[in-house]
$ cat run08.cif   # mmCIF, C-alpha atoms
data_upload
loop_
_atom_site.group_PDB
_atom_site.id
_atom_site.type_symbol
_atom_site.label_atom_id
_atom_site.label_comp_id
_atom_site.auth_asym_id
_atom_site.auth_seq_id
_atom_site.Cartn_x
_atom_site.Cartn_y
_atom_site.Cartn_z
ATOM 1 C CA MET A 25 0.000 0.000 0.000
ATOM 2 C CA VAL A 26 1.384 3.415 -1.004
ATOM 3 C CA GLN A 27 1.059 6.054 1.697
ATOM 4 C CA GLN A 28 -0.499 9.312 0.487
ATOM 5 C CA GLN A 29 2.032 12.141 0.773
ATOM 6 C CA VAL A 30 0.175 15.169 -0.605
ATOM 7 C CA ASN A 31 -3.505 15.740 -1.313
ATOM 8 C CA PHE A 32 -4.945 18.368 -3.669
ATOM 9 C CA GLU A 33 -8.538 19.455 -4.158
ATOM 10 C CA PHE A 34 -9.620 22.064 -6.716
ATOM 11 C CA THR A 35 -13.138 23.248 -5.853
ATOM 12 C CA GLY A 36 -15.548 26.062 -6.527
ATOM 13 C CA THR A 37 -17.373 27.636 -3.601
ATOM 14 C CA GLN A 38 -19.287 30.120 -5.735
ATOM 15 C CA THR A 39 -19.595 28.963 -9.342
ATOM 16 C CA GLU A 40 -23.062 30.104 -10.432
ATOM 17 C CA ILE A 41 -22.810 33.863 -10.846
ATOM 18 C CA THR A 42 -24.163 36.878 -12.661
ATOM 19 C CA LEU A 43 -21.872 39.201 -14.605
ATOM 20 C CA ASP A 44 -21.585 41.600 -11.633
ATOM 21 C CA GLU A 45 -20.415 38.854 -9.219
ATOM 22 C CA ASP A 46 -17.095 37.041 -8.768
ATOM 23 C CA ALA A 47 -16.751 33.271 -8.829
ATOM 24 C CA ILE A 48 -14.427 31.779 -6.209
ATOM 25 C CA ILE A 49 -12.327 28.663 -6.776
ATOM 26 C CA THR A 50 -9.841 27.192 -4.327
ATOM 27 C CA LEU A 51 -6.895 24.820 -4.492
ATOM 28 C CA SER A 52 -6.628 23.089 -1.105
ATOM 29 C CA ILE A 53 -3.317 21.388 -0.325
ATOM 30 C CA VAL A 54 -2.561 18.946 2.505
ATOM 31 C CA ASN A 55 1.050 17.921 3.146
ATOM 32 C CA TYR A 56 1.039 14.587 4.979
ATOM 33 C CA LEU A 57 4.848 14.403 5.047
ATOM 34 C CA SER A 58 6.174 14.869 8.581
ATOM 35 C CA ASN A 59 9.707 15.871 7.610
ATOM 36 C CA LYS A 60 9.547 17.734 4.268
ATOM 37 C CA GLU A 61 7.857 20.870 3.062
ATOM 38 C CA VAL A 62 6.058 20.857 -0.274
ATOM 39 C CA THR A 63 6.409 23.678 -2.807
ATOM 40 C CA VAL A 64 3.434 24.145 -5.125
ATOM 41 C CA GLN A 65 2.987 26.394 -8.140
ATOM 42 C CA LEU A 66 -0.618 26.844 -9.265
ATOM 43 C CA VAL A 67 -1.139 27.879 -12.889
ATOM 44 C CA ILE A 68 -4.682 28.978 -13.770
ATOM 45 C CA ASN A 69 -5.943 28.471 -17.324
ATOM 46 C CA THR A 70 -8.917 30.723 -17.953
ATOM 47 C CA PRO A 71 -10.985 30.517 -21.122
ATOM 48 C CA SER A 72 -11.881 33.661 -23.026
ATOM 49 C CA GLY A 73 -14.843 35.235 -21.272
ATOM 50 C CA ILE A 74 -13.296 34.808 -17.795
ATOM 51 C CA SER A 75 -10.700 37.019 -16.114
ATOM 52 C CA VAL A 76 -8.846 36.691 -12.790
ATOM 53 C CA SER A 77 -9.842 39.352 -10.242
ATOM 54 C CA SER A 78 -7.452 38.363 -7.426
ATOM 55 C CA VAL A 79 -5.441 35.546 -5.825
ATOM 56 C CA ALA A 80 -5.301 35.028 -2.035
ATOM 57 C CA GLY A 81 -3.164 32.685 0.043
ATOM 58 C CA ALA A 82 -0.101 32.583 -2.221
ATOM 59 C CA ASP A 83 3.459 33.597 -1.436
ATOM 60 C CA SER A 84 4.435 37.157 -2.326
ATOM 61 C CA GLY A 85 5.596 37.562 -5.899
ATOM 62 C CA SER A 86 2.722 35.512 -7.265
ATOM 63 C CA ASN A 87 0.607 37.013 -10.006
ATOM 64 C CA GLN A 88 -2.927 36.505 -11.237
ATOM 65 C CA TYR A 89 -2.315 33.376 -13.297
ATOM 66 C CA ASN A 90 0.625 31.884 -11.414
ATOM 67 C CA ALA A 91 0.699 31.434 -7.609
ATOM 68 C CA VAL A 92 3.428 29.775 -5.511
ATOM 69 C CA GLU A 93 2.906 28.392 -2.006
ATOM 70 C CA THR A 94 5.197 26.453 0.349
ATOM 71 C CA ILE A 95 3.411 24.109 2.749
ATOM 72 C CA ASP A 96 5.207 23.125 5.938
ATOM 73 C CA PRO A 97 5.462 19.461 6.963
ATOM 74 C CA ALA A 98 2.231 17.950 8.338
ATOM 75 C CA SER A 99 0.144 21.020 7.530
ATOM 76 C CA GLN A 100 -2.324 22.358 5.028
ATOM 77 C CA SER A 101 -2.907 25.514 3.035
ATOM 78 C CA SER A 102 -5.045 26.873 0.228
ATOM 79 C CA ILE A 103 -4.937 29.317 -2.645
ATOM 80 C CA SER A 104 -8.197 31.098 -3.524
ATOM 81 C CA ILE A 105 -8.847 32.723 -6.875
ATOM 82 C CA ARG A 106 -11.611 35.225 -7.619
ATOM 83 C CA LEU A 107 -12.801 35.171 -11.227
ATOM 84 C CA ALA A 108 -15.050 37.561 -13.134
ATOM 85 C CA ALA A 109 -17.148 36.589 -16.134
ATOM 86 C CA ASN A 110 -16.973 39.050 -19.022
ATOM 87 C CA GLU A 111 -19.905 37.448 -20.851
ATOM 88 C CA PRO A 112 -22.670 34.939 -20.099
ATOM 89 C CA GLY A 113 -21.942 31.254 -20.590
ATOM 90 C CA GLU A 114 -20.487 28.085 -19.096
ATOM 91 C CA PHE A 115 -16.716 28.089 -18.678
ATOM 92 C CA ASP A 116 -14.243 25.398 -17.594
ATOM 93 C CA VAL A 117 -11.422 26.981 -15.595
ATOM 94 C CA GLY A 118 -8.381 24.711 -15.424
ATOM 95 C CA GLY A 119 -5.781 24.537 -12.707
ATOM 96 C CA ILE A 120 -2.383 22.858 -12.831
ATOM 97 C CA ALA A 121 -0.529 22.344 -9.543
ATOM 98 C CA ILE A 122 3.167 21.696 -10.216
ATOM 99 C CA TRP A 123 4.867 20.527 -7.030
ATOM 100 C CA TYR A 124 7.876 18.888 -5.425
ATOM 101 C CA ARG A 125 8.903 17.653 -1.961
ATOM 102 C CA GLY A 126 11.624 19.346 0.087
ATOM 103 C CA ASP A 127 14.633 20.242 -2.054
ATOM 104 C CA ASP A 128 13.993 17.461 -4.599
ATOM 105 C CA GLU A 129 13.466 19.777 -7.573
ATOM 106 C CA ASP A 130 14.286 16.925 -9.971
ATOM 107 C CA ASP A 131 11.128 15.052 -8.927
ATOM 108 C CA VAL A 132 8.419 17.463 -10.087
ATOM 109 C CA ASN A 133 4.831 16.210 -10.008
ATOM 110 C CA ARG A 134 1.588 17.559 -11.487
ATOM 111 C CA TYR A 135 -2.027 17.641 -10.404
ATOM 112 C CA THR A 136 -4.622 18.936 -12.870
ATOM 113 C CA ASP A 137 -8.312 19.595 -12.436
ATOM 114 C CA SER A 138 -10.985 22.044 -13.519
ATOM 115 C CA VAL A 139 -14.063 23.798 -12.157
ATOM 116 C CA THR A 140 -17.053 24.865 -14.242
ATOM 117 C CA ILE A 141 -18.282 28.443 -13.853
ATOM 118 C CA GLN A 142 -21.803 29.317 -14.989
ATOM 119 C CA ALA A 143 -22.340 33.015 -15.640
ATOM 120 C CA GLN A 144 -25.582 34.687 -16.544
ATOM 121 C CA SER A 145 -26.542 38.257 -17.199
ATOM 122 C CA GLU A 146 -29.088 39.928 -14.931
ATOM 123 C CA GLY A 147 -32.385 38.270 -15.887
ATOM 124 C CA GLY A 148 -30.596 36.074 -18.433
ATOM 125 C CA SER A 149 -29.344 32.517 -18.457
ATOM 126 C CA ALA A 150 -25.950 30.815 -18.337
ATOM 127 C CA ASP A 151 -26.223 29.771 -21.994
ATOM 128 C CA GLY A 152 -25.954 33.392 -23.116
ATOM 129 C CA SER A 153 -29.593 33.903 -24.037
ATOM 130 C CA ASP A 154 -32.028 36.395 -22.616
ATOM 131 C CA GLN A 155 -35.407 35.521 -21.082
ATOM 132 C CA ASN A 156 -36.877 35.079 -24.583
ATOM 133 C CA GLY A 157 -34.151 32.619 -25.603
ATOM 134 C CA ASP A 158 -32.454 35.146 -27.931
ATOM 135 C CA PRO A 159 -28.648 35.101 -27.899
ATOM 136 C CA THR A 160 -27.007 37.982 -26.018
ATOM 137 C CA SER A 161 -23.488 37.267 -27.273
ATOM 138 C CA SER A 162 -22.125 35.782 -30.483
ATOM 139 C CA GLU A 163 -18.857 34.642 -28.910
ATOM 140 C CA ALA A 164 -18.464 31.076 -27.685
ATOM 141 C CA PRO A 165 -16.383 30.376 -24.567
ATOM 142 C CA GLY A 166 -13.031 28.729 -25.113
ATOM 143 C CA PHE A 167 -9.338 29.015 -24.440
ATOM 144 C CA GLY A 168 -7.802 32.095 -26.044
ATOM 145 C CA ILE A 169 -4.249 32.312 -27.335
ATOM 146 C CA GLY A 170 -3.297 34.636 -24.476
ATOM 147 C CA THR A 171 -4.408 32.084 -21.893
ATOM 148 C CA ALA A 172 -2.528 29.286 -23.633
ATOM 149 C CA LEU A 173 0.648 31.352 -23.858
ATOM 150 C CA GLY A 174 0.272 32.409 -20.216
ATOM 151 C CA GLY A 175 0.051 28.773 -19.099
ATOM 152 C CA VAL A 176 3.105 27.815 -21.156
ATOM 153 C CA ALA A 177 5.043 30.836 -19.840
ATOM 154 C CA GLY A 178 4.138 29.984 -16.235
ATOM 155 C CA SER A 179 5.256 26.371 -16.613
ATOM 156 C CA SER A 180 8.458 27.452 -18.363
ATOM 157 C CA ALA A 181 9.162 29.982 -15.609
ATOM 158 C CA LEU A 182 8.798 27.270 -12.936
ATOM 159 C CA ILE A 183 11.149 24.914 -14.767
ATOM 160 C CA LYS A 184 13.753 27.711 -15.145
ATOM 161 C CA TRP A 185 13.298 28.701 -11.491
ATOM 162 C CA LEU A 186 13.791 25.082 -10.396
ATOM 163 C CA HIS A 187 16.853 24.742 -12.629
ATOM 164 C CA ASP A 188 18.405 28.011 -11.329
ATOM 165 C CA ARG A 189 17.936 26.871 -7.705
ATOM 166 C CA ARG A 190 19.711 23.541 -8.309
ATOM 167 C CA PRO A 191 23.104 23.402 -6.502
ATOM 168 C CA ARG A 192 26.057 23.522 -8.869
ATOM 169 C CA ASP A 193 28.955 21.053 -8.509
#

$ encode --input "run08.cif" --output "structure tokens"
Amino acid sequence: MVQQQVNFEFTGTQTEITLDEDAIITLSIVNYLSNKEVTVQLVINTPSGISVSSVAGADSGSNQYNAVETIDPASQSSISIRLAANEPGEFDVGGIAIWYRGDDEDDVNRYTDSVTIQAQSEGGSADGSDQNGDPTSSEAPGFGIGTALGGVAGSSALIKWLHDRRPRD
């Protein structure tokens, strides 16, 4: 039997919103290791139609799409993200947690998950139609090129950061 070392849970606490509200999603992290800290980088992939309002619970230096947190041995932490919908619709917001134990930067692991956000206009519906069923927007939700490039840049930055921290012989 393999003992669980780290547990991740990506959840939404407020996922059905109107355009004037923020959705809230959270990455909860539990470090079961009693002798090693765990370093986690969370990269958020937002589809077009969704923007990040704020990130709470991450180490300083984190930005809206890329948060880093260090979890002490035998403890837990979380990173909360507030998201705003720019248009009505149903959106899958992806999260990638890239993590390693202690100083073992060569053994990088990944956890991926997503949360669905349903946004509706005042008096409208999450499918982008008004009360009469007429479309209110001609744009379909999906991942934009900026989001894709941001996710790649965040992952590349973590790999470079891990490489630069490696002790030199």

$ closest_residue --input "run08.cif" --among "A:Gly81, A:Gly36, A:Pro97, A:Pro71" --to "Val54 (chain A)" --atoms "only C-alpha atoms"
A:Pro97

$ closest_atom_pairs --input "run08.cif" --of "region 25-64 of chain A" --to "region 120-132 of chain A" --cutoff "8 Å" --atoms "only C-alpha atoms" --output "Markdown table"
| residue | atom | partner | partner_atom | distance |
| --- | --- | --- | --- | --- |
| A:Lys60 | CA | A:Gly126 | CA | 4.9 |
| A:Glu61 | CA | A:Gly126 | CA | 5.0 |
| A:Val62 | CA | A:Arg125 | CA | 4.6 |
| A:Thr63 | CA | A:Trp123 | CA | 5.5 |
| A:Val64 | CA | A:Trp123 | CA | 4.3 |

$ atom_distance --input "run08.cif" --atom1 "CA of Gln28 (chain A)" --atom2 "CA of Ile49 (chain A)"
23.8 Å

$ atom_distance --input "run08.cif" --atom1 "CA of Thr94 (chain A)" --atom2 "CA of Phe115 (chain A)"
29.1 Å

$ resolve_selection --input "run08.cif" --expression "the PyMOL selection byres ((chain A and resi 104) around 9)" --output "list in words"
Ile48, Ile49, Thr50, Leu51, Ser52, Ser78, Val79, Ala80, Gly81, Ala82, Ser102, Ile103, Ile105 and Arg106 of chain A

$ write_last_selection --input "run08.cif" --atoms "C-alpha atoms" --output "PDB file, in the frame of the given file"
ATOM      1  CA  ILE A  48     -14.427  31.779  -6.209  1.00  0.00           C
ATOM      2  CA  ILE A  49     -12.327  28.663  -6.776  1.00  0.00           C
ATOM      3  CA  THR A  50      -9.841  27.192  -4.327  1.00  0.00           C
ATOM      4  CA  LEU A  51      -6.895  24.820  -4.492  1.00  0.00           C
ATOM      5  CA  SER A  52      -6.628  23.089  -1.105  1.00  0.00           C
ATOM      6  CA  SER A  78      -7.452  38.363  -7.426  1.00  0.00           C
ATOM      7  CA  VAL A  79      -5.441  35.546  -5.825  1.00  0.00           C
ATOM      8  CA  ALA A  80      -5.301  35.028  -2.035  1.00  0.00           C
ATOM      9  CA  GLY A  81      -3.164  32.685   0.043  1.00  0.00           C
ATOM     10  CA  ALA A  82      -0.101  32.583  -2.221  1.00  0.00           C
ATOM     11  CA  SER A 102      -5.045  26.873   0.228  1.00  0.00           C
ATOM     12  CA  ILE A 103      -4.937  29.317  -2.645  1.00  0.00           C
ATOM     13  CA  ILE A 105      -8.847  32.723  -6.875  1.00  0.00           C
ATOM     14  CA  ARG A 106     -11.611  35.225  -7.619  1.00  0.00           C
TER      15      ARG A 106
END

$ closest_residue --input "run08.cif" --among "A:Ile95, A:Ile141, A:Glu114, A:Glu146" --to "Glu40 (chain A)" --atoms "only C-alpha atoms"
A:Ile141

$ closest_residue --input "run08.cif" --among "A:Asn133, A:Thr70, A:Thr42, A:Gln65" --to "Glu111 (chain A)" --atoms "all atoms listed in the file"
A:Thr42

$ residues_around --input "run08.cif" --residues "Ala98 (chain A)" --least-positions-apart "3" --cutoff "8 Å" --atoms "all atoms listed in the file" --output "PDB file with C-alpha atoms, in the coordinates of the input"
ATOM      1  CA  VAL A  54      -2.561  18.946   2.505  1.00  0.00           C
ATOM      2  CA  ASN A  55       1.050  17.921   3.146  1.00  0.00           C
ATOM      3  CA  TYR A  56       1.039  14.587   4.979  1.00  0.00           C
ATOM      4  CA  LEU A  57       4.848  14.403   5.047  1.00  0.00           C
ATOM      5  CA  SER A  58       6.174  14.869   8.581  1.00  0.00           C
ATOM      6  CA  ASN A  59       9.707  15.871   7.610  1.00  0.00           C
TER       7      ASN A  59
END

$ closest_residue --input "run08.cif" --among "A:Asn110, A:Gln100, A:Asn90, A:Gln38" --to "Ser72 (chain A)" --atoms "all atoms listed in the file"
A:Asn110

$ atom_distance --input "run08.cif" --atom1 "CA of Ser145 (chain A)" --atom2 "CA of Ala108 (chain A)"
12.2 Å
